[in-house]
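Structure first, commentary second.
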Amino acid sequence: MDYIEKEIGNIVSEILEDYKKERNVDTIDIFRQPDKKEIIDIVKGLMRIVYPGYYYDRNTKIYNYDYNLSVVVEDVMYHLNKQVALALQYKDPTLTEAERKEQSQQIAIAFFKKIPAVRAVLETDVLATFDGDPAAKFKEEIIMSYPGLFTITVNRLAHELFLLEVPLIPRIMTEYAHNLTGIDIHPGATIGNYFFIDHGTGIVVGETAIIGEHVKIYQGVTIGALSTKGGQKLRNVKRHPTIEDYVTIYAGASILGGETVIGKNSVIGSNVFITASVPENTKVSIRNQELIYKQDGTTQVVDNGGLNNTWYYTI
């Protein structure tokens, strides 16, 4: 008998005993917990509903596409209803199973009635992306491949569930998109029409952020809290900035604080760090940095804005 075969029984017993300590990490009542995999499948089904010509099962042979979509809608609604019922215990532990089932049905119906309105807003996001990105050759390219549109689609759907006060599920949805794209938008964030995320990787938008219409954000932007050291005491407090209409925020900028407002028609330059409000029609940028070139014993200091104000010396 191998050594591992001798020890496996003891190891299993020790791990099972460890589960009895009643910590947060010890929960094993899997039939009463929302199922993360099923929620991800719900997201995939919702993408088929939102973009029926782009997200569909090519392995399914159909003659009547309307019938096929009706099956998808019913399937997603069934699974969403089931997962919401499980999640509602976190909202109110005193609810009976029958009360949770009744509320989950009402929530599922209310959510699906919102889908046409969500699709109308997403059409504006597609148009904003196409108009704002000269690299986009076709609108179909945006829907099928742009991580920014994928993330904002998931976020707009999750936001509707967030407004319906569904626990857990909206965050699981947006973290699924975050994991795929590197774009982290909390489902509580309020985002207006014609939203354009360019490139996207590394973007963070906090729960209480408010973003207006026709806003364009590049990669690495943070719209975050000034401080979270207060922890749970800051719950339900506006911690994240307000970005008004027609604002462009370039790569690497950080805008922080619940009282910070970026006025409409403003442009925030790359790598800017902002913790106070910016008036309307304002361009914010960092003073040009100096670049140092060393070659053949000579050092050249160059203003990053151009070759003016340069000098040379030997080291």
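Ordering of the structure tokens sets the chain letters (A, B, ...); residue numbers start at 1 within each chain; ligands are numbered from 1 in the order shown.
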
Please provide as number ranges by chain all residues within 9 Å of region 44-48 of chain A, with the sequence filter that same-chain residues fewer than 2 positions apart are discarded (counting only C-alpha atoms).
-> A: 39-42, 50-57, 69, 72-73, 75-76, 150, 153-154, 157

For region 234-236 of chain A, work out the shell of residues within 10 Å, counting only C-alpha atoms and skipping chain neighbours fewer than 5 positions away, then give it as an MDAnalysis selection string.
-> chainID A and resid 207:208 227:229

Contacts of region 126-141 of chain A at 8 Å or less, counting only C-alpha atoms, minus same-chain residues fewer than 2 places along, as a list in words?
->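 Answer for this query is Leu122, Glu123, Thr124, Ile143, Met144, Ser145, Tyr146, Leu149, Tyr194, Phe195, Phe196, Ile197, Asp198 and His214 of chain A.
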
Could you pull out the residues in region 56-295 of chain A that DSSP calls alpha helix (DSSP H) from the backbone, as a ChimeraX atom specification?
-> /A:65-91,97-132,139-145,147-163,169-181

Residue neighbourhood region 172-184 of chain A, 12 Å, only C-alpha atoms, exclusion window fewer than 3 positions, as JSON, numbers by chain = {"A": [34, 35, 36, 37, 38, 39, 40, 41, 42, 43, 44, 46, 47, 80, 83, 87, 145, 146, 147, 148, 149, 150, 151, 152, 153, 154, 155, 156, 157, 158, 159, 160, 161, 162, 166, 167, 168, 169, 187, 188, 189, 197, 198, 199, 200, 201, 202, 203, 204, 205, 206, 207, 217, 218, 219, 220, 221, 222, 223, 224]}

In Å, rounded to a single decimal, give me how far CA of Gln33 (chain A) is from CA of Ala209 (chain A).
-> 29.3 Å

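Distance-wise, CA of Arg287 (chain A) and CA of Ile243 (chain A) end up 23.1 Å apart.
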
Which of A:Glu244, A:Glu213, A:Asp29, A:Glu102 sits closest to Thr260 (chain A) [using only C-alpha atoms] |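 When distances to Thr260 (chain A) are compared using only C-alpha atoms, the smallest one comes from A:Glu244.
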
Would you mind reading off the distance between CA of Thr275 (chain A) and CA of Arg239 (chain A), one decimal, in Å?
->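 Rounded to one decimal, the two atoms are 11.5 Å apart.
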
Surrounding residues of region 2-15 of chain A excluding itself and chain neighbours under 5 positions, 12 Å, only C-alpha atoms, as a ChimeraX atom specification = /A:20-21,26

What would the file look like if the residues just selected were written as a tab-separated table (two decimals), in the first residue's frame with N, CA, C and O atoms?
```
chain	number	residue	atom	x	y	z
A	20	LYS	N	-16.65	21.84	10.91
A	20	LYS	CA	-17.59	21.95	12.02
A	20	LYS	C	-17.37	23.18	12.89
A	20	LYS	O	-18.00	23.32	13.93
A	21	LYS	N	-16.50	24.08	12.48
A	21	LYS	CA	-16.13	25.23	13.32
A	21	LYS	C	-17.09	26.42	13.16
A	21	LYS	O	-16.92	27.44	13.81
A	26	ASP	N	-17.14	27.76	6.30
A	26	ASP	CA	-17.53	26.38	6.57
A	26	ASP	C	-18.91	26.01	6.03
A	26	ASP	O	-19.33	24.86	6.15
```

From the DSSP assignment of the backbone, select every residue of region 122-315 of chain A that is strand (DSSP E or B), and format the answer as a PyMOL selection string.
-> chain A and resi 184-185+190-191+196-198+204-205+210-211+216-218+222-224+242-243+248-249+254-256+261-262+267-268+273-274+278+283-284+290-295+298-303+311-314
